[in-house]
Amino acid sequence: SAPRSPFRGRLGPLLLDRAAERARARHPRVIAIGDVHGCIDELQLLLRRCDHRPGDLVVFLGDLVSKGPDSPAVVQMAREIGAVGVRGNHDFEVVRWHQAIAAGAEPPPGGSEHFHIAARLSPADLEWMHRLPWYIRSEEMGCLFVHAGFVAGIKLAKQNPRLMMNMRSILPDGTVTSKFFKNWPWARLWDGPQTVLFGHDADRGLQQYEHALGLDTGCVYGGKLTACILPEKRLVSVSAKREYFQFRRKHY
């Protein structure tokens, strides 16, 4: 005979759905986060709002450092929670300055924020930054993660690292540039099949295309810090506590 159950009755459909939903919610997720730029308070708040928990993988879309209040704290937190990320243009400069310091370089005249960040990072945090790749690919989710962007029609292995960290626009004649041209975002030309998640372009803010999602919403400039939770592609954002750095808009 069947073993006796300590409970009587049946689990109704509504309760069963809720139980299944809770079970699914415990599955690890990917949380992609736009440009943090040293905004540690906003990052902590965003992770709480995303209900970040053990097993979730945080993917930073570059530029964890520079301009904001506490770049070393952001890098330390990223490393301690087991996050991964891609290399942004400001991360690149910090890594470059660390290599220069190791080679005996003197502080630059007038100072350099990237130099001072490199000098303040712990050895473990510097090693974490050195390992940041140009891009990350997830076959399972059909996603690519990069700081600035990709040029459509070029194989990933042939993409230019400097452009992956700096590009914003592709002009009608095919010119790829880091400059902001309002009508010519690079992402308009990306036709998949992978979905690209990227940062770097605070001027355009949140960008949503069929196969591309831009998450730099200008937190350090007083905007928001934004995350996309995968696989459900849910957007979560928090407002900046204040403007930490004045945004200098340039139009061409």
# chains A, B, ... in the order shown; residues from 1 in each chain; ligands from 1
call {"tool": "closest_atom_pairs", "arguments": {"of": "stretch 13-122 of chain A", "to": "stretch 228-240 of chain A", "cutoff": "9 Å", "atoms": "only C-alpha atoms", "output": "Markdown table"}}
result
| residue | atom | partner | partner_atom | distance |
| --- | --- | --- | --- | --- |
| A:Arg29 | CA | A:Leu230 | CA | 5.9 |
| A:Val30 | CA | A:Leu230 | CA | 5.0 |
| A:Ile31 | CA | A:Ile229 | CA | 4.6 |
| A:Ala32 | CA | A:Cys228 | CA | 5.2 |
| A:Ile33 | CA | A:Cys228 | CA | 6.6 |
| A:Gly34 | CA | A:Cys228 | CA | 8.7 |
| A:Cys39 | CA | A:Ala240 | CA | 8.2 |
| A:Asp41 | CA | A:Ala240 | CA | 8.7 |
| A:Glu42 | CA | A:Ala240 | CA | 6.3 |
| A:Leu43 | CA | A:Val238 | CA | 8.6 |
| A:Leu45 | CA | A:Val238 | CA | 7.2 |
| A:Leu46 | CA | A:Val238 | CA | 5.9 |
| A:Arg49 | CA | A:Val236 | CA | 7.4 |
| A:Cys50 | CA | A:Val236 | CA | 6.8 |
call {"tool": "residues_around", "arguments": {"residues": "A:Asp201", "least_positions_apart": "4", "cutoff": "7 Å", "atoms": "only C-alpha atoms", "output": "PyMOL selection string"}}
result
chain A and resi 168+205+216
call {"tool": "closest_residue", "arguments": {"among": "A:Arg79, A:Lys224, A:Arg242, A:His130", "to": "A:His98", "atoms": "only C-alpha atoms"}}
result
A:His130
call {"tool": "closest_residue", "arguments": {"among": "A:Val151, A:Ala157, A:Leu163, A:Val58", "to": "A:Arg188", "atoms": "only C-alpha atoms"}}
result
A:Val151
call {"tool": "residues_around", "arguments": {"residues": "A:Ile170", "least_positions_apart": "2", "cutoff": "12 Å", "atoms": "only C-alpha atoms", "output": "number ranges by chain"}}
result
A: 149-152, 163, 166-168, 172-190
call {"tool": "closest_residue", "arguments": {"among": "A:Met164, A:Val59, A:Ala148, A:Met129", "to": "A:Ala202", "atoms": "only C-alpha atoms"}}
result
A:Ala148
call {"tool": "select_by_dssp", "arguments": {"residues": "stretch 77-146 of chain A", "states": "strand (DSSP E)", "output": "JSON, numbers by chain"}}
result
{"A": [84, 85, 135, 136, 137, 138, 143, 144, 145, 146]}
call {"tool": "write_last_selection", "arguments": {"atoms": "N, CA and C atoms", "output": "JSON list (two decimals), in the first residue's frame"}}
result
[["chain", "number", "residue", "atom", "x", "y", "z"],
["A", 84, "VAL", "N", 31.75, 38.12, -13.72],
["A", 84, "VAL", "CA", 32.62, 38.20, -14.88],
["A", 84, "VAL", "C", 32.28, 39.52, -15.59],
["A", 85, "GLY", "N", 33.06, 39.85, -16.58],
["A", 85, "GLY", "CA", 32.79, 41.09, -17.29],
["A", 85, "GLY", "C", 33.60, 41.17, -18.57],
["A", 135, "TYR", "N", 35.04, 40.31, -25.30],
["A", 135, "TYR", "CA", 33.62, 39.97, -25.36],
["A", 135, "TYR", "C", 33.41, 38.60, -24.74],
["A", 136, "ILE", "N", 32.16, 38.30, -24.43],
["A", 136, "ILE", "CA", 31.77, 37.00, -23.90],
["A", 136, "ILE", "C", 30.62, 36.47, -24.76],
["A", 137, "ARG", "N", 30.66, 35.19, -25.07],
["A", 137, "ARG", "CA", 29.61, 34.57, -25.87],
["A", 137, "ARG", "C", 28.91, 33.48, -25.07],
["A", 138, "SER", "N", 27.59, 33.46, -25.11],
["A", 138, "SER", "CA", 26.81, 32.41, -24.48],
["A", 138, "SER", "C", 25.99, 31.71, -25.55],
["A", 143, "CYS", "N", 23.43, 34.82, -26.72],
["A", 143, "CYS", "CA", 23.78, 36.20, -26.41],
["A", 143, "CYS", "C", 25.28, 36.46, -26.55],
["A", 144, "LEU", "N", 25.60, 37.70, -26.86],
["A", 144, "LEU", "CA", 26.96, 38.21, -26.84],
["A", 144, "LEU", "C", 27.00, 39.40, -25.90],
["A", 145, "PHE", "N", 28.09, 39.50, -25.13],
["A", 145, "PHE", "CA", 28.26, 40.61, -24.20],
["A", 145, "PHE", "C", 29.53, 41.36, -24.60],
["A", 146, "VAL", "N", 29.42, 42.67, -24.78],
["A", 146, "VAL", "CA", 30.55, 43.48, -25.21],
["A", 146, "VAL", "C", 30.37, 44.88, -24.65]]
call {"tool": "closest_residue", "arguments": {"among": "A:Val94, A:Ala83, A:Val196, A:Leu57", "to": "A:Glu113", "atoms": "only C-alpha atoms"}}
result
A:Val94
call {"tool": "residues_around", "arguments": {"residues": "stretch 99-104 of chain A", "least_positions_apart": "6", "cutoff": "12 Å", "atoms": "only C-alpha atoms", "output": "PyMOL selection string"}}
result
chain A and resi 92-93+114-120+123+126-127+129-130
call {"tool": "atom_distance", "arguments": {"atom1": "atom CA of A:Asp35", "atom2": "atom CA of A:His200"}}
result
6.7 Å
call {"tool": "select_by_dssp", "arguments": {"residues": "stretch 75-225 of chain A", "states": "helix (DSSP H, G or I)", "output": "VMD selection string"}}
result
chain A and resid 75 to 80 89 to 102 113 to 120 123 to 130 156 to 158 161 to 166 186 to 189 219 to 221
call {"tool": "closest_residue", "arguments": {"among": "A:Lys241, A:Arg87, A:Lys250, A:His147", "to": "A:Leu132", "atoms": "only C-alpha atoms"}}
result
A:Arg87
call {"tool": "residues_around", "arguments": {"residues": "A:Trp128", "least_positions_apart": "6", "cutoff": "12 Å", "atoms": "only C-alpha atoms", "output": "list of chain:residue names"}}
result
A:Leu64, A:Pro72, A:Val74, A:Val75, A:Gln76, A:Met77, A:Ala78, A:Arg79, A:Glu80, A:Ile81, A:Gly82, A:Ala83, A:Val84, A:Gly85, A:Val86, A:Arg87, A:Asp91, A:Val94, A:Val95, A:Leu121, A:Ser122
call {"tool": "write_last_selection", "arguments": {"atoms": "C-alpha atoms", "output": "PDB file, in the first residue's frame"}}
result
ATOM      1  CA  LEU A  64      33.333  49.453 -13.889  1.00  0.00           C
ATOM      2  CA  PRO A  72      38.223  50.144  -6.180  1.00  0.00           C
ATOM      3  CA  VAL A  74      33.255  48.265  -7.353  1.00  0.00           C
ATOM      4  CA  VAL A  75      36.060  46.055  -8.660  1.00  0.00           C
ATOM      5  CA  GLN A  76      36.477  44.388  -5.266  1.00  0.00           C
ATOM      6  CA  MET A  77      32.762  43.657  -5.058  1.00  0.00           C
ATOM      7  CA  ALA A  78      32.685  42.298  -8.617  1.00  0.00           C
ATOM      8  CA  ARG A  79      35.509  39.895  -7.811  1.00  0.00           C
ATOM      9  CA  GLU A  80      34.091  38.825  -4.457  1.00  0.00           C
ATOM     10  CA  ILE A  81      30.665  37.915  -5.845  1.00  0.00           C
ATOM     11  CA  GLY A  82      32.279  35.842  -8.595  1.00  0.00           C
ATOM     12  CA  ALA A  83      31.193  38.161 -11.381  1.00  0.00           C
ATOM     13  CA  VAL A  84      32.624  38.202 -14.882  1.00  0.00           C
ATOM     14  CA  GLY A  85      32.794  41.094 -17.292  1.00  0.00           C
ATOM     15  CA  VAL A  86      34.098  42.502 -20.536  1.00  0.00           C
ATOM     16  CA  ARG A  87      36.784  45.125 -20.925  1.00  0.00           C
ATOM     17  CA  ASP A  91      39.069  49.422 -17.618  1.00  0.00           C
ATOM     18  CA  VAL A  94      43.563  51.193 -15.720  1.00  0.00           C
ATOM     19  CA  VAL A  95      45.145  47.915 -16.863  1.00  0.00           C
ATOM     20  CA  LEU A 121      43.617  48.340  -6.530  1.00  0.00           C
ATOM     21  CA  SER A 122      44.655  45.215  -4.649  1.00  0.00           C
TER      22      SER A 122
END
call {"tool": "decode", "arguments": {"residues": "stretch 72-84 of chain A", "atoms": "N, CA and C atoms", "output": "compact mmCIF listing (two decimals), in the first residue's frame"}}
result
# COMPACT_ATOMS: atom_id res chain seq x y z
N PRO A 72 37.67 51.37 -6.79
CA PRO A 72 38.22 50.14 -6.18
C PRO A 72 37.16 49.29 -5.49
N ALA A 73 36.18 49.92 -4.86
CA ALA A 73 35.14 49.16 -4.17
C ALA A 73 34.29 48.38 -5.16
N VAL A 74 34.04 48.96 -6.33
CA VAL A 74 33.26 48.26 -7.35
C VAL A 74 34.00 47.03 -7.86
N VAL A 75 35.28 47.19 -8.16
CA VAL A 75 36.06 46.05 -8.66
C VAL A 75 36.16 44.96 -7.60
N GLN A 76 36.39 45.37 -6.34
CA GLN A 76 36.48 44.39 -5.27
C GLN A 76 35.17 43.60 -5.13
N MET A 77 34.05 44.32 -5.18
CA MET A 77 32.76 43.66 -5.06
C MET A 77 32.52 42.71 -6.22
N ALA A 78 32.86 43.15 -7.44
CA ALA A 78 32.69 42.30 -8.62
C ALA A 78 33.45 41.00 -8.45
N ARG A 79 34.69 41.10 -7.99
CA ARG A 79 35.51 39.90 -7.81
C ARG A 79 34.95 39.01 -6.71
N GLU A 80 34.52 39.61 -5.61
CA GLU A 80 34.09 38.83 -4.46
C GLU A 80 32.78 38.09 -4.70
N ILE A 81 31.92 38.62 -5.56
CA ILE A 81 30.67 37.92 -5.85
C ILE A 81 30.81 36.94 -7.01
N GLY A 82 32.03 36.79 -7.51
CA GLY A 82 32.28 35.84 -8.59
C GLY A 82 31.77 36.30 -9.94
N ALA A 83 31.69 37.62 -10.12
CA ALA A 83 31.19 38.16 -11.38
C ALA A 83 32.23 38.02 -12.49
N VAL A 84 31.75 38.12 -13.72
CA VAL A 84 32.62 38.20 -14.88
C VAL A 84 32.28 39.52 -15.59
